[in-house]
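A.B. asks: For reference, the file coords_34.txt (compact mmCIF, C-alpha atoms and all ligand atoms) is included below:
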# COMPACT_ATOMS: atom_id res chain seq x y z
CA MET A 1 79.05 -51.36 29.64
CA GLU A 2 75.55 -52.78 29.68
CA ARG A 3 73.01 -50.76 31.61
CA LYS A 4 71.02 -52.62 34.19
CA ASN A 5 67.34 -52.04 34.75
CA ILE A 6 66.51 -49.88 37.76
CA PRO A 7 63.05 -50.84 39.07
CA VAL A 8 60.81 -48.27 40.74
CA ALA A 9 60.51 -50.33 43.92
CA GLU A 10 61.88 -53.64 45.10
CA PRO A 11 61.60 -55.24 48.55
CA MET A 12 64.73 -55.75 50.63
CA LEU A 13 64.74 -59.19 52.23
CA ASP A 14 67.60 -61.10 53.78
CA ASN A 15 68.42 -63.99 56.10
CA LYS A 16 66.21 -62.70 58.90
CA GLU A 17 63.04 -63.06 56.82
CA LEU A 18 64.24 -66.45 55.62
CA GLU A 19 64.97 -67.58 59.18
CA TYR A 20 61.60 -66.51 60.62
CA ALA A 21 59.58 -67.77 57.62
CA THR A 22 61.43 -71.09 57.76
CA ASP A 23 60.67 -71.32 61.46
CA ALA A 24 56.97 -70.70 60.73
CA ILE A 25 56.97 -73.44 58.08
CA LYS A 26 58.81 -75.90 60.30
CA SER A 27 56.28 -75.27 63.09
CA GLY A 28 53.50 -76.44 60.75
CA TRP A 29 51.52 -73.27 61.48
CA ILE A 30 51.32 -71.81 58.00
CA SER A 31 47.75 -70.47 58.02
CA SER A 32 46.33 -67.78 60.26
CA LYS A 33 47.25 -69.30 63.61
CA GLY A 34 50.75 -69.42 65.06
CA SER A 35 53.01 -67.39 67.26
CA TYR A 36 54.26 -64.85 64.71
CA ILE A 37 50.86 -63.23 64.24
CA LYS A 38 50.52 -62.05 67.85
CA LYS A 39 54.21 -61.13 67.98
CA PHE A 40 53.99 -59.03 64.83
CA GLU A 41 50.78 -57.33 66.02
CA GLU A 42 52.27 -56.49 69.42
CA LYS A 43 55.51 -55.14 68.02
CA PHE A 44 53.73 -53.14 65.35
CA ALA A 45 51.35 -51.55 67.88
CA GLU A 46 54.35 -50.67 70.03
CA TYR A 47 56.19 -49.20 67.05
CA CYS A 48 53.23 -46.95 66.24
CA GLY A 49 52.65 -45.93 69.84
CA SER A 50 49.16 -47.47 69.81
CA ASN A 51 47.67 -49.86 72.35
CA TYR A 52 46.52 -52.50 69.88
CA ALA A 53 47.07 -53.81 66.37
CA VAL A 54 44.92 -56.13 64.25
CA SER A 55 46.65 -57.79 61.29
CA CYS A 56 44.85 -58.64 58.06
CA ASN A 57 45.48 -59.81 54.50
CA ASN A 58 46.09 -56.44 52.81
CA GLY A 59 45.85 -52.68 53.23
CA THR A 60 42.51 -52.41 51.45
CA SER A 61 40.95 -54.89 53.90
CA ALA A 62 42.51 -52.90 56.75
CA LEU A 63 40.56 -49.85 55.57
CA HIS A 64 37.42 -51.94 55.13
CA LEU A 65 37.76 -53.42 58.64
CA ALA A 66 38.22 -49.95 60.13
CA LEU A 67 35.03 -48.62 58.54
CA LEU A 68 33.09 -51.76 59.52
CA ALA A 69 34.27 -51.49 63.13
CA LEU A 70 33.16 -47.85 63.29
CA GLY A 71 29.71 -48.92 62.13
CA ILE A 72 29.82 -46.93 58.88
CA LYS A 73 27.15 -48.16 56.49
CA ARG A 74 24.76 -47.43 53.64
CA GLY A 75 23.42 -43.88 53.80
CA ASP A 76 26.54 -42.53 55.56
CA GLU A 77 29.09 -40.18 54.04
CA VAL A 78 32.86 -40.35 54.43
CA ILE A 79 35.19 -37.48 53.50
CA LEU A 80 38.46 -38.29 51.73
CA PRO A 81 40.98 -36.64 49.41
CA THR A 82 40.34 -37.26 45.72
CA PHE A 83 44.10 -37.44 45.27
CA THR A 84 44.87 -40.87 46.67
CA TYR A 85 45.19 -44.51 45.64
CA ILE A 86 41.89 -46.09 44.59
CA ALA A 87 41.72 -48.42 47.63
CA THR A 88 40.89 -45.50 49.93
CA ALA A 89 37.69 -44.78 48.03
CA ASN A 90 36.85 -48.43 47.35
CA ALA A 91 36.79 -49.26 51.07
CA ILE A 92 34.10 -46.60 51.55
CA ARG A 93 32.03 -48.14 48.76
CA TYR A 94 32.46 -51.64 50.24
CA VAL A 95 30.45 -50.58 53.32
CA GLY A 96 27.86 -48.90 51.09
CA ALA A 97 28.73 -45.36 52.19
CA LYS A 98 29.22 -42.40 49.87
CA PRO A 99 32.73 -41.02 49.32
CA ILE A 100 32.81 -37.22 49.49
CA PHE A 101 35.91 -35.84 47.79
CA VAL A 102 38.02 -32.89 48.89
CA ASP A 103 40.85 -31.20 46.98
CA THR A 104 44.48 -31.13 48.13
CA LYS A 105 46.34 -28.05 49.28
CA LYS A 106 48.61 -26.12 46.93
CA GLU A 107 51.74 -26.58 49.05
CA ASP A 108 51.62 -30.36 49.27
CA TRP A 109 49.53 -33.19 47.89
CA ASN A 110 47.48 -33.95 51.01
CA ILE A 111 43.84 -33.13 51.80
CA ASN A 112 43.09 -29.43 52.44
CA PRO A 113 41.60 -29.26 55.96
CA LYS A 114 40.08 -25.84 55.17
CA LYS A 115 37.90 -27.46 52.54
CA ILE A 116 36.64 -30.26 54.77
CA GLU A 117 34.10 -28.37 56.86
CA SER A 118 31.94 -27.17 53.99
CA LYS A 119 31.51 -30.84 52.98
CA ILE A 120 30.18 -31.98 56.34
CA THR A 121 26.47 -32.84 56.42
CA PRO A 122 24.31 -34.64 59.01
CA LYS A 123 25.23 -37.85 57.16
CA THR A 124 29.02 -37.42 57.59
CA LYS A 125 30.40 -40.16 59.83
CA ALA A 126 34.14 -40.00 59.25
CA ILE A 127 37.13 -38.38 57.62
CA LEU A 128 39.38 -40.91 55.90
CA CYS A 129 42.60 -38.95 55.53
CA VAL A 130 45.68 -40.18 53.69
CA HIS A 131 49.36 -39.54 54.41
CA LEU A 132 50.27 -39.67 50.75
CA TYR A 133 53.78 -40.47 49.51
CA GLY A 134 55.06 -40.51 53.09
CA VAL A 135 53.92 -36.98 53.98
CA PRO A 136 51.71 -36.70 57.10
CA CYS A 137 48.56 -34.66 56.52
CA ASP A 138 47.40 -31.82 58.79
CA MET A 139 46.24 -33.93 61.72
CA ASN A 140 45.88 -31.04 64.20
CA GLN A 141 43.26 -29.38 62.02
CA ILE A 142 41.61 -32.68 61.11
CA MET A 143 41.35 -33.83 64.75
CA ASP A 144 39.96 -30.44 65.69
CA ILE A 145 37.19 -30.77 63.09
CA SER A 146 36.53 -34.34 64.24
CA LYS A 147 36.08 -33.23 67.85
CA ARG A 148 33.88 -30.25 67.08
CA LYS A 149 31.69 -32.14 64.61
CA ASN A 150 31.78 -35.46 66.42
CA ILE A 151 32.95 -37.54 63.47
CA PHE A 152 35.53 -40.34 63.35
CA VAL A 153 39.00 -40.11 61.83
CA VAL A 154 40.60 -43.05 60.03
CA GLU A 155 44.18 -42.59 58.84
CA ASP A 156 45.31 -44.32 55.65
CA CYS A 157 48.99 -44.85 56.47
CA ALA A 158 49.73 -47.33 53.67
CA GLU A 159 52.50 -45.07 52.37
CA ALA A 160 53.82 -43.62 55.60
CA HIS A 161 55.04 -46.26 58.10
CA GLY A 162 57.05 -44.46 60.76
CA ALA A 163 56.21 -40.88 59.70
CA LYS A 164 55.64 -38.51 62.62
CA TYR A 165 53.38 -35.54 63.20
CA PHE A 166 54.30 -33.33 66.15
CA GLY A 167 56.12 -36.28 67.72
CA LYS A 168 53.34 -38.81 67.22
CA LYS A 169 53.57 -41.66 64.74
CA VAL A 170 50.93 -41.57 62.03
CA GLY A 171 48.20 -44.12 62.67
CA SER A 172 48.15 -43.39 66.40
CA ILE A 173 46.38 -40.02 66.10
CA GLY A 174 42.90 -40.80 64.71
CA ASP A 175 40.46 -43.50 65.85
CA ILE A 176 42.08 -46.16 63.66
CA GLY A 177 45.24 -46.17 61.52
CA CYS A 178 45.48 -48.53 58.52
CA PHE A 179 48.69 -49.86 56.99
CA SER A 180 49.62 -51.93 53.95
CA PHE A 181 52.53 -54.35 53.64
CA PHE A 182 52.37 -54.81 49.87
CA GLY A 183 55.71 -55.57 48.19
CA ASN A 184 56.49 -51.95 47.36
CA LYS A 185 55.70 -50.44 50.76
CA ILE A 186 58.28 -49.38 53.38
CA ILE A 187 58.06 -52.79 55.03
CA THR A 188 56.40 -55.78 53.38
CA THR A 189 54.83 -59.15 54.04
CA GLY A 190 54.17 -59.77 50.32
CA GLU A 191 50.52 -58.92 50.75
CA GLY A 192 49.31 -57.82 54.16
CA GLY A 193 47.77 -55.10 56.25
CA MET A 194 47.31 -53.84 59.81
CA CYS A 195 44.96 -51.62 61.79
CA VAL A 196 46.16 -49.85 64.93
CA THR A 197 43.95 -48.27 67.58
CA ASN A 198 43.77 -47.43 71.29
CA ARG A 199 40.21 -48.71 71.66
CA LYS A 200 39.66 -52.33 72.72
CA ASP A 201 36.01 -52.29 71.52
CA LEU A 202 37.22 -51.51 67.99
CA VAL A 203 39.81 -54.30 68.20
CA ASP A 204 37.06 -56.78 69.10
CA LYS A 205 34.93 -55.65 66.16
CA MET A 206 37.80 -55.76 63.68
CA GLU A 207 38.78 -59.25 64.85
CA LEU A 208 35.17 -60.34 64.47
CA PHE A 209 34.84 -59.03 60.91
CA ARG A 210 38.29 -60.42 59.99
CA ASN A 211 37.26 -63.91 61.04
CA GLN A 212 33.94 -64.47 59.22
CA GLY A 213 31.96 -62.83 62.04
CA MET A 214 32.47 -65.89 64.22
CA SER A 215 31.62 -65.57 67.92
CA LYS A 216 34.63 -65.82 70.22
CA GLU A 217 32.56 -67.69 72.81
CA ARG A 218 30.81 -70.15 70.55
CA ARG A 219 32.69 -71.80 67.70
CA TYR A 220 31.01 -71.76 64.29
CA TRP A 221 28.35 -69.40 65.57
CA HIS A 222 28.25 -66.28 63.39
CA ASP A 223 26.72 -63.07 64.66
CA GLU A 224 27.61 -60.99 61.61
CA VAL A 225 28.37 -61.38 57.93
CA GLY A 226 32.14 -61.23 58.24
CA TYR A 227 35.05 -61.74 55.88
CA ASN A 228 38.11 -63.92 55.65
CA TYR A 229 40.71 -61.17 55.95
CA ARG A 230 43.24 -63.05 58.07
CA MET A 231 47.02 -62.72 57.69
CA THR A 232 49.05 -65.94 57.60
CA ASN A 233 51.73 -66.87 60.11
CA ILE A 234 54.33 -66.96 57.31
CA GLN A 235 53.46 -63.39 56.33
CA ALA A 236 53.64 -62.29 59.96
CA ALA A 237 57.06 -63.97 60.28
CA ILE A 238 58.33 -61.95 57.31
CA GLY A 239 56.68 -58.83 58.71
CA LEU A 240 58.33 -59.22 62.10
CA ALA A 241 61.76 -59.52 60.46
CA GLN A 242 61.03 -56.42 58.37
CA LEU A 243 59.79 -54.46 61.38
CA GLU A 244 63.04 -55.18 63.25
CA LYS A 245 64.85 -53.32 60.45
CA ILE A 246 62.43 -50.47 59.80
CA GLU A 247 64.56 -47.72 61.34
CA HIS A 248 67.52 -48.90 59.30
CA PHE A 249 65.36 -48.85 56.13
CA LEU A 250 64.09 -45.36 56.91
CA ASN A 251 67.62 -44.05 57.48
CA ILE A 252 68.78 -45.43 54.15
CA ARG A 253 65.74 -43.95 52.40
CA LYS A 254 66.44 -40.58 54.00
CA GLU A 255 69.99 -40.71 52.65
CA HIS A 256 68.59 -41.53 49.21
CA GLU A 257 66.18 -38.60 49.40
CA ASP A 258 69.09 -36.33 50.32
CA LEU A 259 71.08 -37.61 47.34
CA TYR A 260 68.17 -36.94 44.96
CA LYS A 261 67.92 -33.44 46.42
CA LYS A 262 71.66 -32.91 46.14
CA PHE A 263 71.69 -33.83 42.46
CA LEU A 264 68.36 -32.30 41.39
CA GLY A 265 67.41 -29.82 44.10
CA ASN A 266 68.85 -26.74 42.44
CA LEU A 267 67.18 -27.24 39.06
CA LYS A 268 64.41 -24.73 38.43
CA GLU A 269 62.39 -27.29 36.45
CA ILE A 270 62.04 -29.67 39.41
CA GLU A 271 60.12 -29.29 42.67
CA PHE A 272 60.40 -31.40 45.80
CA TYR A 273 58.09 -31.45 48.81
CA LYS A 274 59.25 -28.69 51.17
CA GLU A 275 59.92 -30.06 54.64
CA LYS A 276 58.03 -28.40 57.50
CA GLU A 277 58.79 -28.08 61.18
CA ASN A 278 57.31 -30.80 63.43
CA ILE A 279 56.48 -33.00 60.47
CA ASN A 280 58.76 -36.00 59.92
CA THR A 281 58.11 -37.39 56.47
CA VAL A 282 59.26 -40.82 55.34
CA PRO A 283 60.53 -41.13 51.79
CA TRP A 284 58.25 -43.97 50.72
CA MET A 285 58.66 -42.97 47.10
CA HIS A 286 61.07 -40.24 46.11
CA SER A 287 58.69 -37.82 44.44
CA ILE A 288 59.23 -34.80 42.22
CA LEU A 289 57.05 -32.46 40.20
CA VAL A 290 58.00 -31.55 36.62
CA ASN A 291 56.36 -30.31 33.45
CA LYS A 292 56.35 -32.68 30.43
CA ARG A 293 56.04 -35.47 32.93
CA ASP A 294 54.97 -38.23 30.53
CA GLU A 295 57.83 -37.44 28.15
CA LEU A 296 60.28 -37.73 31.02
CA ILE A 297 58.81 -41.09 32.06
CA ASN A 298 59.22 -42.42 28.50
CA PHE A 299 62.71 -41.03 28.19
CA LEU A 300 63.78 -42.74 31.42
CA LYS A 301 62.06 -45.96 30.42
CA LYS A 302 64.19 -46.12 27.26
CA ARG A 303 67.21 -45.68 29.51
CA LEU A 304 66.00 -48.69 31.57
CA ILE A 305 64.87 -46.58 34.50
CA GLU A 306 61.44 -47.42 35.79
CA THR A 307 59.34 -44.63 37.36
CA ARG A 308 55.67 -44.09 38.20
CA PRO A 309 53.30 -41.25 37.42
CA PHE A 310 51.33 -39.87 40.39
CA PHE A 311 47.84 -41.35 40.87
CA PHE A 312 44.85 -40.13 38.86
CA PRO A 313 42.44 -38.19 41.10
CA VAL A 314 39.78 -40.71 42.09
CA HIS A 315 36.90 -38.46 40.96
CA THR A 316 38.13 -38.62 37.34
CA MET A 317 37.74 -42.41 37.05
CA PRO A 318 34.56 -44.22 35.94
CA PRO A 319 33.29 -45.62 39.28
CA TYR A 320 33.60 -42.23 40.99
CA LEU A 321 33.10 -39.71 38.18
CA THR A 322 31.93 -36.30 39.43
CA LYS A 323 31.41 -32.96 37.71
CA GLU A 324 33.06 -31.02 40.50
CA ASN A 325 36.59 -29.69 39.86
CA PHE A 326 39.52 -30.30 42.16
CA PRO A 327 42.21 -28.20 40.48
CA ASN A 328 45.14 -28.79 42.83
CA SER A 329 44.71 -32.56 42.74
CA GLU A 330 44.63 -32.48 38.97
CA ILE A 331 47.84 -30.46 38.80
CA PHE A 332 49.69 -32.80 41.17
CA SER A 333 48.41 -35.78 39.26
CA GLN A 334 49.69 -34.37 35.96
CA ARG A 335 53.09 -33.23 37.19
CA GLY A 336 54.16 -35.84 39.73
CA ILE A 337 56.65 -38.67 39.29
CA ASN A 338 57.81 -41.29 41.76
CA LEU A 339 61.49 -41.97 41.08
CA PRO A 340 63.22 -45.30 41.80
CA SER A 341 62.71 -45.80 45.53
CA SER A 342 63.98 -49.21 46.63
CA THR A 343 65.86 -49.37 49.91
CA ASN A 344 68.62 -51.30 48.13
CA LEU A 345 69.44 -48.60 45.54
CA SER A 346 73.10 -47.64 45.35
CA GLU A 347 74.45 -44.10 45.21
CA LYS A 348 75.56 -44.91 41.65
CA ASP A 349 71.98 -45.86 40.69
CA ILE A 350 70.66 -42.56 42.03
CA GLN A 351 73.41 -40.64 40.27
CA ARG A 352 72.53 -42.37 37.00
CA VAL A 353 68.83 -41.53 37.36
CA CYS A 354 69.65 -37.89 38.09
CA GLU A 355 72.11 -37.60 35.18
CA ASP A 356 69.44 -38.93 32.84
CA ILE A 357 66.85 -36.51 34.19
CA LYS A 358 69.28 -33.66 33.66
CA SER A 359 70.02 -34.71 30.09
CA PHE A 360 66.27 -34.87 29.41
CA LEU A 361 65.83 -31.33 30.74
CA LYS A 362 68.68 -30.05 28.54
CA LYS A 363 67.05 -31.31 25.33
C1 LIG A 401 48.91 -49.49 48.95
C2 LIG A 401 47.82 -48.59 49.39
C3 LIG A 401 46.61 -49.08 49.91
C4 LIG A 401 46.16 -50.50 49.84
O1 LIG A 401 47.01 -51.45 50.19
P1 LIG A 401 46.96 -52.94 49.58
O2 LIG A 401 47.78 -53.68 50.57
O3 LIG A 401 47.57 -52.86 48.22
O4 LIG A 401 45.55 -53.38 49.56
C5 LIG A 401 45.70 -48.17 50.41
N1 LIG A 401 45.93 -46.87 50.40
C6 LIG A 401 47.05 -46.33 49.89
C7 LIG A 401 47.23 -44.85 49.91
C8 LIG A 401 48.03 -47.17 49.34
O5 LIG A 401 49.13 -46.67 48.80
Kindly present the structure from the file in structure tokens form.
Ligand SMILES: *Cc1c(COP(=O)(O)O)cnc(C)c1O
C.D. replies:
Amino acid sequence: MERKNIPVAEPMLDNKELEYATDAIKSGWISSKGSYIKKFEEKFAEYCGSNYAVSCNNGTSALHLALLALGIKRGDEVILPTFTYIATANAIRYVGAKPIFVDTKKEDWNINPKKIESKITPKTKAILCVHLYGVPCDMNQIMDISKRKNIFVVEDCAEAHGAKYFGKKVGSIGDIGCFSFFGNKIITTGEGGMCVTNRKDLVDKMELFRNQGMSKERRYWHDEVGYNYRMTNIQAAIGLAQLEKIEHFLNIRKEHEDLYKKFLGNLKEIEFYKEKENINTVPWMHSILVNKRDELINFLKKRLIETRPFFFPVHTMPPYLTKENFPNSEIFSQRGINLPSSTNLSEKDIQRVCEDIKSFLKK
């Protein structure tokens, strides 16, 4: 029988998205005005347990808007993990601030809060922490540092919609939480992003910067150099349909994670993230650590199974090159693989992936 290709991530869309998007098109409101934008923002804020949400055109602009709203600028420093997707660091550069990298812990791939304090200087304005691969980072420790040192916390939640930390949804804990709705995220609008916050003053600033810096009182009067970072009504329509199904998606993904663990969990060559009490992860991408990682990726590729290597630590790439070593980040980066992670995978697909991984390990 012919093997079908198993992609690493594929969105799951059905009649609901079609219905809402069609409604948006029929209404004529296809740009950044129209009823779905407010609806999606309100429902998303409610889902996160935050007072407000500001939609935008992608997750990178969400991070940029957050830093702009907090007044972070040239001469400031922002602390972030080096082990993250490039957008986290780029947003800091966009406002002219300096990214200050911190290594991850040994136990999981998130920022090590113990290493944050030694990096704080009088120029430090914020910690931009990342809940990487659906795993919430140590927010209690991070919020404690933020309070004692009087610095802001922005959460990059692009990979962790719906994850919880001591009962609170990620994004609702720091000053601003930023989300992405790119096609491979837990819910998608094609391209899209959102910032959530409890502070109305930050909402006003983010809305200002999103809309070319235009005054709300005086049309075509611009108080600031802003951006066009608006989400369209069609995207918001798709997003609303996706949001209505997010719990269902997360349940399916949890079942998939359990299947991967059932088939691979007892192999000594493979490590999974170890679940902790009071931390509810979301399986954005089913992730494992192995040796001979690149060989495994190539082996699976020949068997028509698409996977992804973990990110390169940001400090190892040309725009951010530093001499400092971040050993844990480098180890995670070398050993990590994201396995096929679409919500619409079947149990058979997962079984096939696991059988192939096992046969690779036997070689
Ligand atoms: C996807 C992602 C982003 C950026 O989102 P885009 O919508 O692609 O701009 C930012 N941070 C992390 C950790 C991501 O995974």
A.B. asks: Point out the residue among A:Glu257, A:Asp103, A:Asp356, A:Glu271 with the least atom-to-atom distance to His286 of chain A, counting all atoms listed in the file.
C.D. replies: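 Ranking A:Glu257, A:Asp103, A:Asp356, A:Glu271 by distance to His286 of chain A, first place goes to A:Glu257.
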A.B. asks: Hey, can you check how far atom CA of Ile25 of chain A sits from atom C8 of ligand LIG 401 (chain A)?
C.D. replies: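 Separation between atom CA of Ile25 of chain A and atom C8 of ligand LIG 401 (chain A): 29.1 Å.
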A.B. asks: To one decimal in Å, tell me the separation between atom CA of Ile100 of chain A and atom CA of Pro81 of chain A.
C.D. replies: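 These two atoms are separated by 8.2 Å.
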A.B. asks: At a cut-off of 10 Å, can you tabulate as a Markdown table every residue of chain A near ligand LIG 401 (chain A) together with its closest atom pair and the distance in Å to one decimal, using all atoms listed in the file and ordering rows by chain then number?
C.D. replies:
| residue | atom | partner | partner_atom | distance |
| --- | --- | --- | --- | --- |
| A:Cys56 | CA | A:LIG401 | O2 | 9.4 |
| A:Asn57 | CA | A:LIG401 | O2 | 7.6 |
| A:Asn58 | CA | A:LIG401 | O2 | 3.9 |
| A:Gly59 | CA | A:LIG401 | O2 | 3.4 |
| A:Thr60 | CA | A:LIG401 | O4 | 3.7 |
| A:Ser61 | CA | A:LIG401 | O4 | 6.5 |
| A:Ala62 | CA | A:LIG401 | O4 | 7.8 |
| A:Leu63 | CA | A:LIG401 | C5 | 7.5 |
| A:His64 | CA | A:LIG401 | O4 | 10.0 |
| A:Phe83 | CA | A:LIG401 | C7 | 9.3 |
| A:Thr84 | CA | A:LIG401 | C7 | 5.6 |
| A:Tyr85 | CA | A:LIG401 | C7 | 4.7 |
| A:Ile86 | CA | A:LIG401 | N1 | 7.1 |
| A:Ala87 | CA | A:LIG401 | C5 | 4.9 |
| A:Thr88 | CA | A:LIG401 | N1 | 5.2 |
| A:Ala89 | CA | A:LIG401 | N1 | 8.8 |
| A:Asn90 | CA | A:LIG401 | C5 | 9.4 |
| A:Ala91 | CA | A:LIG401 | C5 | 9.0 |
| A:Cys129 | CA | A:LIG401 | C7 | 9.4 |
| A:Val130 | CA | A:LIG401 | C7 | 6.2 |
| A:His131 | CA | A:LIG401 | C7 | 7.3 |
| A:Leu132 | CA | A:LIG401 | C7 | 6.1 |
| A:Tyr133 | CA | A:LIG401 | O5 | 7.8 |
| A:Gly134 | CA | A:LIG401 | C7 | 9.5 |
| A:Glu155 | CA | A:LIG401 | N1 | 9.6 |
| A:Asp156 | CA | A:LIG401 | N1 | 5.9 |
| A:Cys157 | CA | A:LIG401 | C7 | 6.8 |
| A:Ala158 | CA | A:LIG401 | C8 | 4.7 |
| A:Glu159 | CA | A:LIG401 | O5 | 5.2 |
| A:Ala160 | CA | A:LIG401 | C7 | 8.8 |
| A:Cys178 | CA | A:LIG401 | C5 | 8.1 |
| A:Phe179 | CA | A:LIG401 | O1 | 7.2 |
| A:Ser180 | CA | A:LIG401 | O2 | 4.2 |
| A:Phe181 | CA | A:LIG401 | O2 | 5.7 |
| A:Phe182 | CA | A:LIG401 | O2 | 4.8 |
| A:Gly183 | CA | A:LIG401 | O2 | 8.5 |
| A:Asn184 | CA | A:LIG401 | C1 | 8.1 |
| A:Lys185 | CA | A:LIG401 | C1 | 7.1 |
| A:Thr188 | CA | A:LIG401 | O2 | 9.3 |
| A:Thr189 | CA | A:LIG401 | O2 | 9.6 |
| A:Gly190 | CA | A:LIG401 | O2 | 8.8 |
| A:Glu191 | CA | A:LIG401 | O2 | 5.9 |
| A:Gly192 | CA | A:LIG401 | O2 | 5.7 |
| A:Gly193 | CA | A:LIG401 | O2 | 5.9 |
| A:Met194 | CA | A:LIG401 | O2 | 9.3 |
| A:Trp284 | CA | A:LIG401 | O5 | 9.7 |
| A:Phe311 | CA | A:LIG401 | O5 | 9.6 |
A.B. asks: Rounded to one decimal, what separation in Å do you get between atom CA of Phe360 of chain A and atom CA of Arg3 of chain A?
C.D. replies: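 Interatomic distance here is 17.4 Å.
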A.B. asks: Looking at all atoms listed in the file, which of A:Ala21, A:Leu250, A:Ile288, A:Met139 is the one that sits closest to Cys354 of chain A?
C.D. replies: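 Closest residue, counting all atoms listed in the file: A:Ile288.
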A.B. asks: Calculated over only C-alpha atoms, which of the candidates A:Ser118, A:Asn328, A:Tyr273, A:His248 has the smallest distance to Met12 of chain A?
C.D. replies: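 Going through A:Ser118, A:Asn328, A:Tyr273, A:His248 one by one, the smallest distance to Met12 of chain A is for A:His248.
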A.B. asks: List the neighbours of Ile252 of chain A out to 10 Å using only C-alpha atoms; skip same-chain residues closer than 5 positions along the sequence, and give me the result as a list in words.
C.D. replies: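 The neighbour list is Ile246, Glu247, Glu257, Asp258, Pro283, Ser342, Thr343, Asn344 and Leu345 of chain A.
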A.B. asks: Could you tell me which of A:Val353, A:Met214, A:Leu80, A:Ile92 comes closest to Thr104 of chain A if we count only C-alpha atoms?
C.D. replies: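 Checking each candidate against Thr104 of chain A, we get A:Leu80 as the closest.
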A.B. asks: Find the spatial neighbours of Glu42 of chain A, counting all atoms listed in the file, within a cut-off of 12 Å - ignore same-chain residues fewer than 4 positions away - and output them as a PyMOL selection string.
C.D. replies: chain A and resi 35-38+46-55+194-197+236+239-240+243
A.B. asks: Here is a test: counting only C-alpha atoms, which residue of A:Ser341, A:Val135, A:Thr232, A:Ser333 is nearest to Thr307 of chain A?
C.D. replies: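 Of A:Ser341, A:Val135, A:Thr232, A:Ser333, the one nearest Thr307 of chain A is A:Ser341, counting only C-alpha atoms.
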A.B. asks: Step by step, gather every atom of segment 233-243 of chain A that the file lists, find the box along x, y and z that holds them, add 5 Å on each side, and finally give centre and edge lengths in Å to one decimal, as JSON.
C.D. replies:
{"center_x": 56.7, "center_y": -60.7, "center_z": 59.2, "size_x": 20.0, "size_y": 22.5, "size_z": 15.8}
A.B. asks: I'd like to know which of A:Ala69, A:Asp14, A:Asn298, A:Asn5 is closest to Lys245 of chain A, using all atoms listed in the file.
C.D. replies: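 Among the listed residues, the smallest separation from Lys245 of chain A belongs to A:Asp14.
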A.B. asks: Give as a ChimeraX atom specification the set of residues within 12 Å of the point (57.4, -72.7, 66.8), where distances use the file's coordinates and only C-alpha atoms.
C.D. replies: /A:19-30,33-37,233-234,237
A.B. asks: Kindly provide, as number ranges by chain, the polymer residues lying within 12 Å of (59.0, -43.4, 30.7), counting all atoms listed in the file and using the coordinates exactly as they appear in the file.
C.D. replies: A: 7-8, 292-309, 337-339, 356-357, 360
